[in-house]
file query.cif (mmCIF, C-alpha atoms)
data_work
#
loop_
_atom_site.label_atom_id
_atom_site.label_comp_id
_atom_site.auth_asym_id
_atom_site.auth_seq_id
_atom_site.Cartn_x
_atom_site.Cartn_y
_atom_site.Cartn_z
CA MET A 1 27.35 -2.26 8.47
CA LYS A 2 27.70 0.78 10.69
CA ILE A 3 24.24 2.33 10.68
CA PRO A 4 23.37 3.91 14.04
CA ARG A 5 20.00 2.92 15.45
CA ILE A 6 20.02 5.51 18.22
CA TRP A 7 20.30 9.30 17.88
CA VAL A 8 20.19 11.69 20.84
CA SER A 9 20.42 15.49 20.89
CA ALA A 10 21.97 17.89 23.39
CA VAL A 11 20.90 21.54 23.52
CA LYS A 12 22.41 24.62 25.16
CA GLU A 13 22.50 28.37 24.68
CA ALA A 14 26.00 29.75 24.28
CA HIS A 15 26.91 33.38 24.97
CA GLY A 16 29.52 34.69 22.58
CA PRO A 17 30.67 38.10 21.38
CA ARG A 18 27.56 38.43 19.22
CA GLY A 19 25.13 37.53 22.00
CA PRO A 20 23.08 34.41 22.81
CA MET A 21 23.29 31.52 20.37
CA PRO A 22 21.13 28.35 20.68
CA LEU A 23 23.13 25.26 19.83
CA THR A 24 22.11 21.66 19.13
CA ALA A 25 24.45 18.70 18.79
CA TRP A 26 23.64 15.10 17.88
CA GLY A 27 25.24 11.91 19.14
CA TRP A 28 24.79 8.40 17.85
CA SER A 29 25.25 4.76 18.74
CA GLU A 30 24.42 1.42 17.18
CA ASN A 31 22.75 0.12 20.35
CA ASP A 32 23.62 2.21 23.43
CA ARG A 33 21.64 5.35 24.29
CA ALA A 34 24.17 6.39 26.95
CA GLU A 35 26.96 6.30 24.36
CA ALA A 36 24.87 8.42 21.99
CA GLN A 37 24.19 10.95 24.75
CA ARG A 38 27.89 11.12 25.64
CA ARG A 39 28.80 11.86 22.02
CA ALA A 40 26.13 14.56 21.82
CA ASN A 41 27.34 16.19 25.04
CA GLU A 42 30.98 16.15 23.95
CA THR A 43 30.15 17.69 20.58
CA LEU A 44 27.99 20.32 22.24
CA GLN A 45 30.79 21.27 24.63
CA ARG A 46 33.15 21.82 21.70
CA MET A 47 30.55 23.93 19.93
CA VAL A 48 29.94 26.05 23.04
CA ARG A 49 33.66 26.72 23.51
CA ARG A 50 34.03 27.85 19.91
CA ALA A 51 30.92 30.05 20.08
CA GLU A 52 32.07 31.72 23.28
CA GLN A 53 35.44 32.45 21.68
CA GLY A 54 33.75 33.96 18.64
CA LEU A 55 35.05 31.23 16.35
CA GLU A 56 33.18 29.90 13.32
CA LEU A 57 31.01 26.86 13.99
CA SER A 58 31.35 24.05 11.48
CA ARG A 59 27.91 22.47 11.24
CA ASP A 60 28.69 20.64 8.01
CA TYR A 61 31.16 17.79 7.82
CA PRO A 62 32.72 16.14 4.80
CA TYR A 63 30.41 13.50 3.35
CA GLY A 64 31.49 10.16 4.78
CA SER A 65 33.39 11.57 7.76
CA ARG A 66 30.68 10.62 10.30
CA PRO A 67 27.43 8.62 10.38
CA LEU A 68 24.40 9.92 8.52
CA ARG A 69 21.32 10.67 10.61
CA GLU A 70 18.89 8.40 8.80
CA GLU A 71 15.80 6.50 9.88
CA ILE A 72 15.91 2.71 9.52
CA VAL A 73 12.80 1.76 7.53
CA ARG A 74 13.38 -1.93 6.77
CA GLU A 75 15.91 -4.70 7.35
CA LEU A 76 16.42 -7.63 5.00
CA ASP A 77 16.96 -11.02 6.67
CA PRO A 78 18.26 -9.79 10.05
CA GLN A 79 20.20 -12.49 11.92
CA ASN A 80 21.99 -12.13 15.26
CA GLY A 81 21.46 -8.38 15.16
CA ASN A 82 22.90 -8.12 11.64
CA ALA A 83 21.16 -7.74 8.29
CA SER A 84 22.34 -8.27 4.72
CA ALA A 85 20.60 -5.06 3.70
CA VAL A 86 19.01 -2.10 5.46
CA VAL A 87 16.70 0.46 3.88
CA THR A 88 17.04 3.94 5.40
CA ARG A 89 15.46 7.32 4.64
CA ASN A 90 17.98 10.06 3.94
CA GLY A 91 17.90 13.74 4.83
CA TYR A 92 15.83 14.77 1.81
CA GLY A 93 13.32 11.94 2.22
CA CYS A 94 14.50 9.32 -0.28
CA LEU A 95 14.71 5.64 0.58
CA VAL A 96 18.27 4.32 0.36
CA LEU A 97 19.42 0.70 0.15
CA ASN A 98 22.49 -0.09 2.28
CA THR A 99 24.11 -3.49 1.71
CA SER A 100 26.83 -5.37 3.54
CA GLN A 101 28.21 -7.28 0.52
CA VAL A 102 26.33 -6.38 -2.66
CA MET A 103 28.32 -3.70 -4.44
CA PHE A 104 26.66 -0.66 -5.96
CA VAL A 105 28.58 2.15 -7.63
CA ASP A 106 27.03 5.46 -8.70
CA ILE A 107 28.82 7.46 -11.39
CA ASP A 108 27.85 11.08 -11.99
CA LEU A 109 27.97 12.71 -15.42
CA PRO A 110 28.40 16.44 -16.11
CA ASP A 111 25.16 18.40 -16.44
CA LEU A 112 23.42 17.76 -19.76
CA THR A 113 23.42 20.33 -22.53
CA LEU A 114 20.14 21.39 -24.16
CA GLY A 115 20.75 19.02 -27.08
CA GLN A 116 21.44 16.12 -24.72
CA ARG A 117 18.24 16.84 -22.76
CA ILE A 118 16.25 16.81 -26.02
CA ALA A 119 17.85 13.49 -26.96
CA ARG A 120 16.85 12.07 -23.57
CA LEU A 121 13.21 13.02 -24.25
CA PHE A 122 13.25 10.65 -27.21
CA GLN A 123 15.13 7.93 -25.26
CA ARG A 124 18.26 8.47 -27.38
CA ARG A 125 21.77 8.57 -26.00
CA ALA A 126 23.72 11.74 -26.58
CA PRO A 127 27.27 11.21 -27.91
CA ALA A 128 28.86 12.16 -24.58
CA GLU A 129 26.61 9.69 -22.78
CA SER A 130 27.49 6.85 -25.16
CA GLU A 131 31.18 7.66 -24.81
CA ALA A 132 30.91 7.58 -21.00
CA LEU A 133 29.08 4.25 -21.10
CA ASP A 134 31.67 2.72 -23.44
CA ASN A 135 34.42 3.93 -21.13
CA ILE A 136 32.74 2.38 -18.08
CA LYS A 137 32.35 -0.99 -19.81
CA LYS A 138 35.96 -0.91 -20.99
CA ARG A 139 37.30 -0.17 -17.53
CA LEU A 140 35.11 -2.82 -15.90
CA THR A 141 36.37 -5.57 -18.19
CA GLU A 142 39.97 -4.41 -17.70
CA ILE A 143 39.90 -4.44 -13.90
CA SER A 144 37.45 -7.21 -12.97
CA THR A 145 35.98 -10.49 -14.19
CA ALA A 146 32.78 -9.91 -12.19
CA ALA A 147 29.39 -9.51 -13.85
CA PHE A 148 27.64 -6.14 -13.56
CA ARG A 149 24.26 -4.67 -14.36
CA ILE A 150 24.48 -1.12 -15.69
CA TYR A 151 21.62 1.26 -15.01
CA ARG A 152 20.98 4.79 -16.24
CA THR A 153 20.13 7.31 -13.53
CA ALA A 154 18.95 10.88 -13.87
CA GLY A 155 22.48 12.07 -13.17
CA GLY A 156 24.65 9.33 -14.63
CA PHE A 157 25.03 5.57 -14.26
CA ARG A 158 24.73 2.95 -11.55
CA LEU A 159 26.58 -0.37 -11.41
CA MET A 160 25.51 -3.45 -9.47
CA ALA A 161 27.82 -6.46 -9.14
CA THR A 162 25.72 -9.61 -9.52
CA ASP A 163 27.73 -12.84 -9.66
CA ARG A 164 29.81 -12.34 -6.52
CA VAL A 165 29.94 -10.32 -3.32
CA PHE A 166 32.46 -7.69 -2.26
CA GLN A 167 33.76 -6.28 1.01
CA PRO A 168 33.11 -2.55 1.49
CA GLY A 169 36.36 -0.66 1.91
CA SER A 170 38.46 -3.49 0.45
CA SER A 171 41.17 -2.72 -2.09
CA GLU A 172 39.29 -4.84 -4.64
CA SER A 173 36.03 -2.92 -4.36
CA GLU A 174 37.70 0.49 -4.19
CA ASN A 175 39.91 -0.29 -7.19
CA ILE A 176 36.76 -0.94 -9.22
CA MET A 177 35.09 2.23 -7.91
CA ASN A 178 38.12 4.35 -8.70
CA ALA A 179 38.55 2.78 -12.14
CA VAL A 180 35.04 3.83 -13.19
CA GLU A 181 35.50 7.26 -11.59
CA ALA A 182 32.99 7.02 -8.78
CA ASP A 183 32.65 10.10 -6.58
CA PRO A 184 35.53 9.97 -4.03
CA ALA A 185 33.10 11.04 -1.29
CA PHE A 186 30.90 8.04 -2.12
CA VAL A 187 33.93 5.75 -1.85
CA ARG A 188 34.80 7.21 1.56
CA LEU A 189 31.24 6.81 2.78
CA CYS A 190 31.13 3.13 1.82
CA ARG A 191 34.39 2.60 3.68
CA ALA A 192 33.28 4.46 6.81
CA ARG A 193 29.87 2.79 7.01
CA GLU A 194 31.19 -0.61 5.94
CA SER A 195 28.38 -0.87 3.41
CA PHE A 196 27.46 -0.06 -0.17
CA ARG A 197 24.66 2.37 -0.94
CA ALA A 198 22.02 2.96 -3.63
CA ARG A 199 19.11 5.43 -3.68
CA LEU A 200 15.79 3.66 -4.27
CA THR A 201 13.30 6.50 -4.70
CA PRO A 202 13.40 9.76 -6.70
CA LYS A 203 14.80 13.02 -5.44
CA PRO A 204 11.86 15.24 -4.44
CA TRP A 205 12.95 18.35 -6.35
CA ARG A 206 13.01 16.35 -9.59
CA CYS A 207 9.32 15.52 -9.15
CA GLY A 208 7.83 18.86 -8.17
CA SER A 209 7.93 17.93 -4.49
CA ARG A 210 9.86 19.55 -1.66
CA ASN A 211 12.22 18.36 1.05
CA PRO A 212 10.78 16.99 4.31
CA PRO A 213 9.63 19.62 6.82
CA ASN A 214 11.83 18.15 9.56
CA GLN A 215 14.58 15.63 10.13
CA TYR A 216 14.79 12.27 11.88
CA PRO A 217 14.37 11.66 14.76
CA ARG A 218 11.14 13.60 15.04
CA GLU A 219 10.69 14.33 18.72
CA ASN A 220 7.01 15.27 19.02
CA ASP A 221 3.62 14.38 17.55
CA ILE A 222 3.31 17.65 15.61
CA ASP A 223 6.57 17.01 13.74
CA GLU A 224 5.48 13.42 13.09
CA GLU A 225 2.17 14.54 11.59
CA LYS A 226 3.91 17.12 9.40
CA PHE A 227 6.27 14.43 8.13
CA LYS A 228 3.42 12.01 7.38
CA ALA A 229 1.64 14.68 5.35
CA TRP A 230 4.85 15.39 3.43
CA LEU A 231 5.43 11.67 2.82
CA ALA A 232 1.97 11.19 1.33
CA ALA A 233 2.53 14.13 -1.04
CA TYR A 234 6.03 12.89 -1.96
CA GLN A 235 4.78 9.39 -2.75
CA GLN A 236 2.07 10.81 -4.97
CA ALA A 237 4.54 13.09 -6.77
CA THR A 238 6.95 10.21 -7.45
CA ALA A 239 4.36 7.60 -8.41
CA GLN A 240 5.14 7.89 -12.14
CA LYS A 241 8.89 8.30 -11.87
CA ALA A 242 11.75 5.77 -11.83
CA THR A 243 15.06 6.12 -10.03
CA CYS A 244 17.10 4.18 -12.58
CA ARG A 245 16.66 2.17 -15.78
CA LEU A 246 18.43 -1.09 -16.62
CA ILE A 247 20.31 -0.65 -19.89
CA GLU A 248 22.96 -3.34 -20.16
CA ASN A 249 24.83 -6.26 -18.60
CA VAL A 250 28.61 -6.67 -18.56
CA GLY A 251 30.12 -10.10 -17.94
CA SER A 252 28.28 -13.37 -17.44
CA GLY A 253 27.22 -15.49 -14.51
CA TRP A 254 24.10 -16.19 -12.48
CA PRO A 255 23.30 -13.82 -9.61
CA HIS A 256 25.03 -14.85 -6.39
CA GLN A 257 22.68 -16.24 -3.73
CA GLU A 258 23.29 -13.17 -1.55
CA VAL A 259 22.69 -10.85 -4.48
CA ALA A 260 19.46 -12.29 -5.90
CA PRO A 261 16.99 -11.02 -3.24
CA ILE A 262 18.66 -7.60 -3.12
CA LEU A 263 18.60 -7.36 -6.91
CA LYS A 264 14.85 -8.06 -6.85
CA LEU A 265 14.26 -5.49 -4.10
CA HIS A 266 16.36 -2.87 -5.91
CA ASP A 267 14.77 -3.28 -9.34
CA GLU A 268 11.23 -3.25 -7.96
CA ALA A 269 11.77 -0.25 -5.69
CA THR A 270 13.59 1.81 -8.36
CA ARG A 271 11.14 0.73 -11.12
CA ALA A 272 14.19 -0.11 -13.19
CA ASN A 273 12.25 -2.08 -15.81
CA THR A 274 9.24 0.20 -16.27
CA GLY A 275 10.47 2.78 -18.78
CA LEU A 276 9.16 5.61 -16.58
CA PRO A 277 10.96 9.00 -16.64
CA LEU A 278 14.01 9.15 -14.39
CA ALA A 279 14.17 11.38 -11.33
#
call {"tool": "encode", "arguments": {"input": "query.cif", "output": "structure tokens"}}
result
Amino acid sequence: MKIPRIWVSAVKEAHGPRGPMPLTAWGWSENDRAEAQRRANETLQRMVRRAEQGLELSRDYPYGSRPLREEIVRELDPQNGNASAVVTRNGYGCLVLNTSQVMFVDIDLPDLTLGQRIARLFQRRAPAESEALDNIKKRLTEISTAAFRIYRTAGGFRLMATDRVFQPGSSESENIMNAVEADPAFVRLCRARESFRARLTPKPWRCGSRNPPNQYPRENDIDEEKFKAWLAAYQQATAQKATCRLIENVGSGWPHQEVAPILKLHDEATRANTGLPLA
């Protein structure tokens, strides 16, 4: 898995046609601070040149085109500097499970109509939802003999392969992802990071919470205290929400030995078997 452990910033004020412009660039490395600093400096130099020429600065990059600046919260069974799974915290504060071999696939559905939202309140599946689920199951059985757990999320479905492991970025795993119409950006991200990915905790705006007041790495005590206060409020707001709900199994077979502990971690963290409202 390619999950940087070190992030370093570089800061400079550029002077362009519109006047002074403070710029910040971030560099990363898996284990070398000097490498992270070099990347930050190189990015900053490019930004300064563009600013001084009056060119537009691209601060946003296509999802999956470069590492995500996320805090490592937990590692599962680290050996020789490697771990089978790493839990990170993403930019809007959610915990995310990153796995080296256990395949997750998230599938988004179009926004629900009013009638579909009412059906969800009574735990009923709207016709479009049932049709999408049937289509997913059909495509899974057509393209793979693997066993999958299917979960409902607030925005669609999540698949977890259980009886075997997969290689991120392999033609086998990407064929399955494409067959069930996973987000192409999600497929690219798994390939670039050499890992699969599943959100464990609810999105803050679905629970009446807000996004974190600052981003990792927090570089002073004041920012750290602000984040801790936000985290306590976020955890309280999400205490009675689930991230996904187990609805069905496709295929047969016992969970693979590499999958079993990650399955347990995932289902407990997402509250997949509680029946709580999804967020």
call {"tool": "resolve_selection", "arguments": {"input": "query.cif", "expression": "the PyMOL selection byres ((chain A and resi 170) around 12)", "output": "JSON, numbers by chain"}}
result
{"A": [101, 103, 165, 166, 167, 168, 169, 171, 172, 173, 174, 175, 176, 177, 187, 188, 190, 191, 192, 194, 195, 196]}
call {"tool": "atom_distance", "arguments": {"input": "query.cif", "atom1": "CA of Trp230 in chain A", "atom2": "CA of Val73 in chain A"}}
result
16.3 Å
call {"tool": "resolve_selection", "arguments": {"input": "query.cif", "expression": "the PyMOL selection byres ((chain A and resi 179-184) around 8)", "output": "MDAnalysis selection string"}}
result
chainID A and resid 105:108 135:136 139:140 143 175:178 185:188
call {"tool": "resolve_selection", "arguments": {"input": "query.cif", "expression": "the PyMOL selection byres ((chain A and resi 150-152) around 8)", "output": "tab-separated table (two decimals) with C-alpha atoms, in the coordinates of the input"}}
result
chain	number	residue	atom	x	y	z
A	148	PHE	CA	27.64	-6.14	-13.56
A	149	ARG	CA	24.26	-4.67	-14.36
A	153	THR	CA	20.13	7.31	-13.53
A	154	ALA	CA	18.95	10.88	-13.87
A	156	GLY	CA	24.65	9.33	-14.63
A	157	PHE	CA	25.03	5.57	-14.26
A	158	ARG	CA	24.73	2.95	-11.55
A	159	LEU	CA	26.58	-0.37	-11.41
A	160	MET	CA	25.51	-3.45	-9.47
A	244	CYS	CA	17.10	4.18	-12.58
A	245	ARG	CA	16.66	2.17	-15.78
A	246	LEU	CA	18.43	-1.09	-16.62
A	247	ILE	CA	20.31	-0.65	-19.89
A	248	GLU	CA	22.96	-3.34	-20.16
A	249	ASN	CA	24.83	-6.26	-18.60
A	250	VAL	CA	28.61	-6.67	-18.56
A	272	ALA	CA	14.19	-0.11	-13.19
call {"tool": "closest_residue", "arguments": {"input": "query.cif", "among": "A:Asp77, A:Leu109, A:Ala146, A:Asp221", "to": "Glu131 in chain A", "atoms": "all atoms listed in the file"}}
result
A:Leu109
call {"tool": "residues_around", "arguments": {"input": "query.cif", "residues": "range 45-47 of chain A", "least_positions_apart": "6", "cutoff": "9 Å", "atoms": "all atoms listed in the file", "output": "list of chain:residue names"}}
result
A:Ala14, A:Leu23, A:Thr24, A:Ala25, A:Leu57, A:Ser58
